[in-house]
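start_5.csv follows; it contains CSV, C-alpha atoms.
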```
chain,number,residue,atom,x,y,z
A,30,MET,CA,-38.4,-76.1,-158.1
A,31,ARG,CA,-38.4,-72.4,-159.1
A,32,ASN,CA,-39.9,-71.4,-155.7
A,33,LEU,CA,-37.3,-73.3,-153.9
A,34,LEU,CA,-34.5,-71.7,-155.9
A,35,LEU,CA,-35.9,-68.2,-155.1
A,36,ALA,CA,-36.2,-69.0,-151.4
A,37,GLY,CA,-32.5,-70.1,-151.4
A,38,ILE,CA,-31.4,-66.9,-153.1
A,39,ALA,CA,-33.4,-64.8,-150.6
A,40,ALA,CA,-31.8,-66.6,-147.7
A,41,LEU,CA,-28.4,-66.0,-149.1
A,42,THR,CA,-29.2,-62.3,-149.5
A,43,ILE,CA,-30.6,-61.9,-146.0
A,44,LEU,CA,-27.7,-63.5,-144.2
A,45,PRO,CA,-25.0,-61.1,-145.4
A,46,THR,CA,-27.3,-58.1,-144.9
A,47,ALA,CA,-28.0,-59.1,-141.3
A,48,ALA,CA,-24.4,-59.8,-140.6
A,49,MET,CA,-23.4,-56.4,-142.0
A,50,ALA,CA,-26.1,-54.7,-139.9
A,51,GLN,CA,-25.0,-56.6,-136.8
A,52,SER,CA,-21.3,-55.6,-137.5
A,53,ASN,CA,-22.3,-51.9,-137.8
A,54,VAL,CA,-24.3,-51.9,-134.6
A,55,GLU,CA,-21.4,-53.7,-132.8
A,56,GLY,CA,-19.1,-50.9,-134.0
A,57,ARG,CA,-21.4,-48.3,-132.7
A,58,VAL,CA,-21.6,-50.1,-129.3
A,59,GLY,CA,-17.8,-50.3,-129.0
A,60,LYS,CA,-17.4,-46.6,-129.9
A,61,LEU,CA,-20.2,-45.6,-127.4
A,62,GLU,CA,-18.7,-47.7,-124.6
A,63,SER,CA,-15.3,-46.1,-125.2
A,64,GLU,CA,-16.8,-42.6,-125.0
A,65,MET,CA,-18.8,-43.6,-121.9
A,66,ARG,CA,-15.7,-44.6,-120.1
A,67,ALA,CA,-14.0,-41.3,-121.0
A,68,VAL,CA,-17.0,-39.3,-119.7
A,69,GLN,CA,-17.2,-41.4,-116.6
A,70,ARG,CA,-13.5,-40.8,-115.8
A,71,LYS,CA,-14.3,-37.0,-116.0
A,72,VAL,CA,-17.4,-37.2,-113.8
A,73,PHE,CA,-15.9,-39.7,-111.4
A,74,PRO,CA,-12.2,-38.9,-111.4
A,75,ASN,CA,-11.6,-41.1,-108.3
A,76,GLY,CA,-13.2,-44.2,-109.8
A,77,ALA,CA,-13.9,-46.5,-106.9
A,78,GLY,CA,-17.3,-47.8,-108.0
A,79,GLY,CA,-18.4,-44.5,-109.4
A,80,TYR,CA,-18.9,-45.8,-112.9
A,81,VAL,CA,-22.4,-46.1,-114.3
A,82,GLN,CA,-23.0,-49.5,-115.7
A,83,PRO,CA,-25.2,-50.0,-118.8
A,84,GLU,CA,-28.7,-51.1,-118.0
A,85,ILE,CA,-28.6,-53.7,-120.8
A,86,THR,CA,-26.0,-56.4,-120.8
A,87,ALA,CA,-24.6,-58.2,-123.8
A,88,PRO,CA,-26.9,-61.1,-124.8
A,89,GLN,CA,-25.7,-64.6,-124.7
A,90,THR,CA,-24.7,-66.1,-128.0
A,91,GLN,CA,-27.4,-68.3,-129.3
A,92,VAL,CA,-26.9,-70.9,-132.0
A,93,GLN,CA,-29.5,-70.5,-134.7
A,94,ALA,CA,-30.4,-72.7,-137.5
A,95,PRO,CA,-28.7,-72.1,-140.8
A,96,GLY,CA,-30.6,-69.8,-143.1
A,97,VAL,CA,-32.4,-67.9,-140.2
A,98,PRO,CA,-31.4,-64.2,-139.8
A,99,ALA,CA,-29.9,-63.1,-136.5
A,100,SER,CA,-32.7,-60.7,-135.8
A,101,SER,CA,-32.7,-61.3,-132.0
A,102,ALA,CA,-29.0,-60.4,-131.6
A,103,LEU,CA,-29.4,-57.3,-133.8
A,104,SER,CA,-32.3,-56.2,-131.6
A,105,ASP,CA,-30.3,-56.6,-128.4
A,106,LEU,CA,-27.4,-54.7,-129.8
A,107,THR,CA,-29.7,-51.9,-130.9
A,108,ALA,CA,-31.2,-51.7,-127.4
A,109,ARG,CA,-27.6,-51.5,-125.9
A,110,VAL,CA,-26.8,-48.6,-128.3
A,111,THR,CA,-30.0,-46.8,-127.2
A,112,SER,CA,-29.2,-47.3,-123.5
A,113,LEU,CA,-25.6,-46.1,-123.9
A,114,GLU,CA,-26.7,-43.0,-125.9
A,115,GLU,CA,-29.2,-42.0,-123.2
A,116,GLN,CA,-26.5,-42.4,-120.4
A,117,MET,CA,-24.0,-40.4,-122.5
A,118,ALA,CA,-26.6,-37.6,-122.9
A,119,SER,CA,-27.3,-37.5,-119.2
A,120,LEU,CA,-23.6,-37.4,-118.1
A,121,THR,CA,-22.8,-34.8,-120.7
A,122,GLY,CA,-25.7,-32.6,-119.4
A,123,GLN,CA,-24.4,-32.9,-115.8
A,124,ILE,CA,-20.9,-31.8,-116.9
A,125,GLU,CA,-22.3,-28.8,-118.8
A,126,GLN,CA,-24.5,-27.8,-115.8
A,127,ASN,CA,-21.6,-28.0,-113.3
A,128,GLY,CA,-19.4,-25.9,-115.6
A,129,TYR,CA,-22.1,-23.3,-116.0
A,130,ARG,CA,-22.7,-23.0,-112.3
A,131,THR,CA,-18.9,-22.7,-111.7
A,132,ARG,CA,-18.7,-19.9,-114.3
A,133,GLN,CA,-21.6,-18.1,-112.6
A,134,LEU,CA,-20.0,-18.2,-109.2
A,135,GLN,CA,-16.7,-16.9,-110.6
A,136,ASP,CA,-18.4,-14.1,-112.4
A,137,GLN,CA,-20.3,-13.0,-109.3
A,138,PHE,CA,-17.1,-13.1,-107.2
A,139,ASP,CA,-15.2,-11.1,-109.8
A,140,ALA,CA,-17.9,-8.4,-109.9
A,141,TYR,CA,-18.1,-8.2,-106.1
A,142,LYS,CA,-14.3,-7.9,-105.9
A,143,ARG,CA,-14.2,-5.1,-108.6
A,144,GLY,CA,-16.9,-3.1,-106.9
A,145,THR,CA,-15.3,-3.4,-103.5
A,146,GLU,CA,-11.9,-2.4,-104.8
A,147,ALA,CA,-13.4,0.7,-106.5
A,148,ARG,CA,-15.2,1.7,-103.2
A,149,LEU,CA,-12.0,1.2,-101.3
A,150,LYS,CA,-10.0,3.5,-103.6
A,151,ALA,CA,-12.8,6.1,-103.4
A,152,LEU,CA,-12.8,6.0,-99.6
A,153,GLU,CA,-9.0,6.1,-99.3
A,154,SER,CA,-8.9,9.3,-101.4
A,155,GLY,CA,-11.6,11.1,-99.5
A,156,PRO,CA,-11.2,13.5,-96.6
A,157,ALA,CA,-11.0,12.3,-93.0
A,158,PRO,CA,-14.2,13.0,-90.9
A,159,ILE,CA,-13.7,14.7,-87.5
A,160,ALA,CA,-16.0,14.1,-84.5
A,161,PRO,CA,-15.6,14.5,-80.7
A,162,ALA,CA,-14.9,11.6,-78.5
A,163,GLY,CA,-17.6,10.2,-76.2
A,164,GLN,CA,-18.1,6.5,-76.8
A,165,SER,CA,-17.8,3.9,-74.1
A,166,ALA,CA,-15.0,1.3,-74.3
A,167,PRO,CA,-15.9,-1.8,-76.3
A,168,LEU,CA,-14.5,-5.3,-76.3
A,169,ASP,CA,-11.4,-4.0,-78.1
A,170,ALA,CA,-10.5,-1.6,-75.4
A,171,ALA,CA,-7.1,-1.8,-73.7
A,172,PRO,CA,-5.7,0.1,-70.7
A,173,ALA,CA,-4.9,3.6,-71.9
A,174,ALA,CA,-1.7,5.3,-70.9
A,175,SER,CA,-2.0,8.2,-68.5
A,176,THR,CA,-2.1,11.8,-69.9
A,177,GLY,CA,-0.6,13.1,-66.7
A,178,GLY,CA,-3.6,15.4,-66.1
A,179,LYS,CA,-2.8,17.5,-69.2
A,180,SER,CA,-5.6,19.0,-71.3
A,181,PRO,CA,-6.2,17.1,-74.5
A,182,ALA,CA,-7.0,20.4,-76.3
A,183,ALA,CA,-3.4,21.1,-77.1
A,184,ALA,CA,-2.3,20.5,-80.7
A,185,SER,CA,0.8,18.6,-79.6
A,186,VAL,CA,1.7,18.1,-76.0
A,187,VAL,CA,4.4,15.6,-74.9
A,188,THR,CA,4.0,14.3,-71.4
A,189,GLY,CA,5.8,11.5,-69.5
A,190,ASP,CA,4.5,8.6,-71.7
A,191,THR,CA,2.1,10.1,-74.3
A,192,ALA,CA,1.8,12.6,-77.1
A,193,SER,CA,-1.5,14.4,-77.6
A,194,THR,CA,-2.5,15.5,-81.1
A,195,ALA,CA,-5.5,17.3,-82.5
A,196,PRO,CA,-6.6,17.8,-86.1
A,197,ALA,CA,-5.6,21.2,-87.7
A,198,THR,CA,-9.2,22.1,-88.2
A,199,GLY,CA,-10.1,21.7,-84.5
A,200,GLY,CA,-11.9,18.9,-82.7
A,201,ALA,CA,-11.0,16.4,-79.9
A,202,ALA,CA,-7.3,15.6,-79.5
A,203,VAL,CA,-6.2,12.0,-79.6
A,204,ASP,CA,-3.3,10.9,-77.5
A,205,LYS,CA,-0.4,8.9,-79.1
A,206,PRO,CA,0.8,6.5,-76.4
A,207,SER,CA,4.4,5.8,-75.9
A,208,THR,CA,4.7,2.7,-73.7
A,209,GLY,CA,7.9,1.3,-75.3
A,210,ASP,CA,5.9,-1.5,-77.1
A,211,ALA,CA,5.6,-0.4,-80.8
A,212,ALA,CA,2.8,-2.8,-81.7
A,213,GLU,CA,0.8,-1.9,-78.6
A,214,ASP,CA,1.3,1.9,-79.1
A,215,ALA,CA,0.2,1.6,-82.8
A,216,TYR,CA,-2.9,-0.3,-81.9
A,217,LEU,CA,-3.9,2.0,-79.0
A,218,TYR,CA,-3.6,5.0,-81.2
A,219,GLY,CA,-5.9,3.4,-83.8
A,220,TYR,CA,-8.3,2.5,-81.0
A,221,ARG,CA,-8.3,6.1,-79.7
A,222,LEU,CA,-9.0,7.4,-83.2
A,223,TRP,CA,-11.9,5.0,-83.4
A,224,THR,CA,-13.4,6.1,-80.1
A,225,ALA,CA,-13.1,9.7,-81.3
A,226,LYS,CA,-15.1,8.7,-84.4
A,227,ARG,CA,-12.2,9.8,-86.7
A,228,TYR,CA,-13.0,6.8,-88.7
A,229,ALA,CA,-10.9,7.5,-91.9
A,230,GLU,CA,-7.8,8.0,-89.7
A,231,ALA,CA,-8.6,5.0,-87.6
A,232,GLU,CA,-8.9,2.8,-90.8
A,233,THR,CA,-5.5,3.9,-92.0
A,234,GLN,CA,-3.9,3.4,-88.6
A,235,LEU,CA,-5.4,0.0,-88.0
A,236,LYS,CA,-4.4,-1.3,-91.4
A,237,LYS,CA,-0.9,-0.2,-90.6
A,238,VAL,CA,-0.9,-2.2,-87.4
A,239,VAL,CA,-1.9,-5.4,-89.2
A,240,ALA,CA,0.7,-4.8,-92.0
A,241,ASP,CA,3.5,-3.9,-89.7
A,242,TYR,CA,2.9,-6.3,-86.8
A,243,PRO,CA,1.2,-9.4,-88.2
A,244,LYS,CA,2.7,-11.7,-85.5
A,245,SER,CA,1.6,-9.5,-82.6
A,246,ARG,CA,-1.5,-10.4,-80.6
A,247,ARG,CA,-2.7,-6.9,-81.5
A,248,ALA,CA,-3.0,-7.8,-85.2
A,249,SER,CA,-6.2,-9.7,-84.4
A,250,TYR,CA,-7.4,-6.8,-82.4
A,251,ALA,CA,-6.6,-4.3,-85.1
A,252,GLN,CA,-8.2,-6.3,-87.9
A,253,ASN,CA,-11.4,-6.8,-85.9
A,254,LEU,CA,-11.5,-3.1,-85.0
A,255,LEU,CA,-11.0,-2.2,-88.6
A,256,GLY,CA,-14.2,-4.1,-89.4
A,257,ARG,CA,-16.0,-2.3,-86.6
A,258,THR,CA,-14.8,1.0,-87.9
A,259,TYR,CA,-16.3,0.3,-91.3
A,260,LEU,CA,-19.5,-0.9,-89.6
A,261,ASP,CA,-19.8,2.2,-87.4
A,262,SER,CA,-19.2,4.5,-90.4
A,263,GLY,CA,-22.0,2.8,-92.5
A,264,LYS,CA,-19.9,0.5,-94.7
A,265,PRO,CA,-21.2,-3.0,-93.9
A,266,SER,CA,-19.8,-4.5,-97.1
A,267,LEU,CA,-16.3,-3.4,-96.3
A,268,ALA,CA,-16.9,-4.4,-92.7
A,269,SER,CA,-17.9,-8.0,-93.7
A,270,MET,CA,-14.6,-8.3,-95.7
A,271,ALA,CA,-12.5,-7.1,-92.8
A,272,PHE,CA,-14.2,-9.4,-90.3
A,273,TYR,CA,-13.8,-12.4,-92.6
A,274,GLU,CA,-10.1,-11.6,-93.2
A,275,ASN,CA,-9.5,-11.6,-89.4
A,276,TYR,CA,-11.1,-15.0,-89.0
A,277,LYS,CA,-9.2,-16.4,-92.0
A,278,LYS,CA,-5.8,-14.9,-91.2
A,279,PHE,CA,-5.9,-15.2,-87.4
A,280,PRO,CA,-8.3,-18.0,-86.5
A,281,ASP,CA,-6.5,-18.4,-83.1
A,282,GLY,CA,-6.4,-14.7,-82.5
A,283,GLU,CA,-8.1,-13.2,-79.5
A,284,ARG,CA,-10.6,-11.3,-81.6
A,285,ALA,CA,-11.5,-14.1,-84.2
A,286,PRO,CA,-14.7,-15.0,-82.4
A,287,ASP,CA,-15.7,-11.3,-82.1
A,288,SER,CA,-15.1,-10.9,-85.9
A,289,LEU,CA,-17.5,-13.8,-86.6
A,290,LEU,CA,-20.1,-12.2,-84.4
A,291,TYR,CA,-19.8,-8.9,-86.1
A,292,LEU,CA,-19.7,-10.5,-89.5
A,293,GLY,CA,-23.1,-11.9,-88.8
A,294,GLN,CA,-24.4,-8.5,-88.0
A,295,ALA,CA,-22.8,-7.0,-91.1
A,296,LEU,CA,-24.4,-9.7,-93.3
A,297,THR,CA,-27.8,-9.0,-91.7
A,298,LYS,CA,-27.5,-5.3,-92.6
A,299,LEU,CA,-26.6,-6.4,-96.2
A,300,ASN,CA,-29.9,-8.4,-96.3
A,301,LYS,CA,-28.0,-11.7,-96.4
A,302,ALA,CA,-29.8,-13.3,-93.5
A,303,ALA,CA,-29.1,-16.9,-94.7
A,304,ASP,CA,-25.4,-16.2,-94.8
A,305,ALA,CA,-25.5,-14.5,-91.4
A,306,CYS,CA,-27.2,-17.6,-89.9
A,307,LYS,CA,-24.4,-19.8,-91.3
A,308,VAL,CA,-21.8,-17.5,-89.7
A,309,TYR,CA,-23.5,-17.8,-86.3
A,310,ASP,CA,-23.5,-21.6,-86.7
A,311,GLU,CA,-19.8,-21.5,-87.5
A,312,LEU,CA,-19.1,-19.3,-84.5
A,313,SER,CA,-20.8,-21.7,-82.1
A,314,ASP,CA,-19.3,-24.8,-83.7
A,315,VAL,CA,-15.7,-23.5,-83.6
A,316,TYR,CA,-15.6,-21.4,-80.5
A,317,GLY,CA,-18.5,-22.7,-78.5
A,318,ALA,CA,-16.5,-23.9,-75.5
A,319,LYS,CA,-14.6,-20.5,-75.3
A,320,LEU,CA,-17.6,-18.2,-75.6
A,321,SER,CA,-18.6,-16.0,-72.7
A,322,ALA,CA,-22.2,-15.8,-71.5
A,323,SER,CA,-22.4,-12.3,-72.9
A,324,MET,CA,-21.3,-13.4,-76.4
A,325,LYS,CA,-23.7,-16.3,-76.4
A,326,SER,CA,-26.5,-13.8,-75.6
A,327,GLN,CA,-25.4,-11.7,-78.5
A,328,ILE,CA,-25.4,-14.7,-80.8
A,329,THR,CA,-29.0,-15.4,-79.8
A,330,ALA,CA,-29.9,-11.8,-80.5
A,331,GLY,CA,-28.2,-11.9,-83.8
A,332,ARG,CA,-29.9,-15.1,-84.9
A,333,THR,CA,-33.3,-13.6,-83.9
A,334,ALA,CA,-32.5,-10.5,-86.0
A,335,ALA,CA,-31.6,-12.7,-89.0
A,336,LYS,CA,-34.7,-14.9,-88.4
A,337,CYS,CA,-32.5,-18.0,-88.3
A,338,GLN,CA,-34.3,-21.3,-88.0
```

Could you write out this structure as structure tokens?
Amino acid sequence: MRNLLLAGIAALTILPTAAMAQSNVEGRVGKLESEMRAVQRKVFPNGAGGYVQPEITAPQTQVQAPGVPASSALSDLTARVTSLEEQMASLTGQIEQNGYRTRQLQDQFDAYKRGTEARLKALESGPAPIAPAGQSAPLDAAPAASTGGKSPAAASVVTGDTASTAPATGGAAVDKPSTGDAAEDAYLYGYRLWTAKRYAEAETQLKKVVADYPKSRRASYAQNLLGRTYLDSGKPSLASMAFYENYKKFPDGERAPDSLLYLGQALTKLNKAADACKVYDELSDVYGAKLSASMKSQITAGRTAAKCQ
């Protein structure tokens, strides 16, 4: 009789304890499931089947004999808690990794922008180099206005449609055209400064063309030639920015394909061959049907130089 009484007391003690444990675990499960849904909404903002479902489903309710602890249900709830905690840790880790990568990219861009702006300020405050003309006409060439047979050595000679100027310290004169088309004249003057290798003056003039005549067809020419000016004067980093700006601002401009071609060359000089290959791919994909045989040949040569696959 005493043994039976003790067994009854033990059963009465075990049942409330198991019920309390089960209630605590269920509370943890509810809290974790709520947190899981919040994390999933952040990882999968669009929903649409993106939610991660728990690997362990809720057990079916089983009727147990009176006096038998609900150990099976408690074990199942504990397994659910463990599964949810693991999934929470995995999703939280993904969010932290994505945030870290985003911060890294932003920091790299900010550093590149600061360095480029500093170099630009230093270049704009420096003296203008002077060199004689003697370079053949490139893709950006346009018909030049006649000088009327006058000597370009004069410091300032006004003829029928041009004005010829030379730097005060000597060197080759550069004609200022006067065709009646302000955008055309401004671009041609920048082009002539470039052919004379007076790169600092050409940079200033070509920037002015883009700023003053953004809707003119010569804006695309001027922005592309600005990049070539940087490239020819040994500034591939500035050149890459100028070429990219032309493609971004004037994608339908006449010199947008040329800018992508030269952008690939600039990136190769900057030892960014992988990026150069992506640029050549972009050029072929966007402008493939409009590319001349000569440009296609230059793309092939550029891809070879960058060792594209």

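Among the candidates A:Thr258, A:Thr131, A:Ser321, A:Gln252, the residue lying nearest to Phe272 of chain A is A:Gln252 (atoms considered: all atoms listed in the file).
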
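Among the candidates A:Ala271, A:Leu290, A:Leu134, A:Ala330, the one nearest to Tyr316 of chain A when counting all atoms listed in the file is A:Leu290.
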
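Between atom CA of Asp261 of chain A and atom CA of Lys236 of chain A the separation is 16.3 Å.
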
Do a neighbour search on Ala248 of chain A at 9 Å with only C-alpha atoms, toss out local chain neighbours closer than 6 positions, and write the hits as JSON, numbers by chain. {"A": [212, 216, 235, 238, 239, 240, 241, 242, 275, 279, 282]}

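A straight line drawn from atom CA of Tyr309 of chain A to atom CA of Gly263 of chain A is 21.6 Å long.
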
How would you write as a PyMOL selection string the residues that get within 7 Å of (-22.7, -8.5, -95.9) in the file's frame, counting only C-alpha atoms? chain A and resi 265-266+269+295-299+301

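Nearest-residue note for Leu113 of chain A: choosing from A:Leu267, A:Leu289, A:Leu254, A:Leu61, the minimum distance belongs to A:Leu61, counting all atoms listed in the file.
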
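Atom CA of Gln133 of chain A lies 26.6 Å from atom CA of Gln294 of chain A.
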
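Minimum atom-to-atom distances from A:Lys205, A:Lys237, A:Lys307, A:Arg132 to Leu222 of chain A were compared using all atoms listed in the file, and the lowest value belongs to A:Lys205.
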
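Among A:Trp223, A:Tyr129, A:Tyr259, A:Tyr250, the residue with the shortest atom-to-atom distance to Asp281 of chain A, counting only C-alpha atoms, is A:Tyr250.
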
Name the closest residue to Glu114 of chain A among the candidates A:Gly331, A:Val203, A:Arg143, A:Lys60; distances are taken between atoms, counting all atoms listed in the file. A:Lys60

Determine, counting all atoms listed in the file, which protein, DNA and RNA residues have an atom within 12 Å of an atom of Leu312 of chain A; residues of the same chain fewer than 5 positions away are not included. Present the result as a PyMOL selection string. chain A and resi 273+276+280+285-293+305-307+317-320+324-325+327-329+331-332
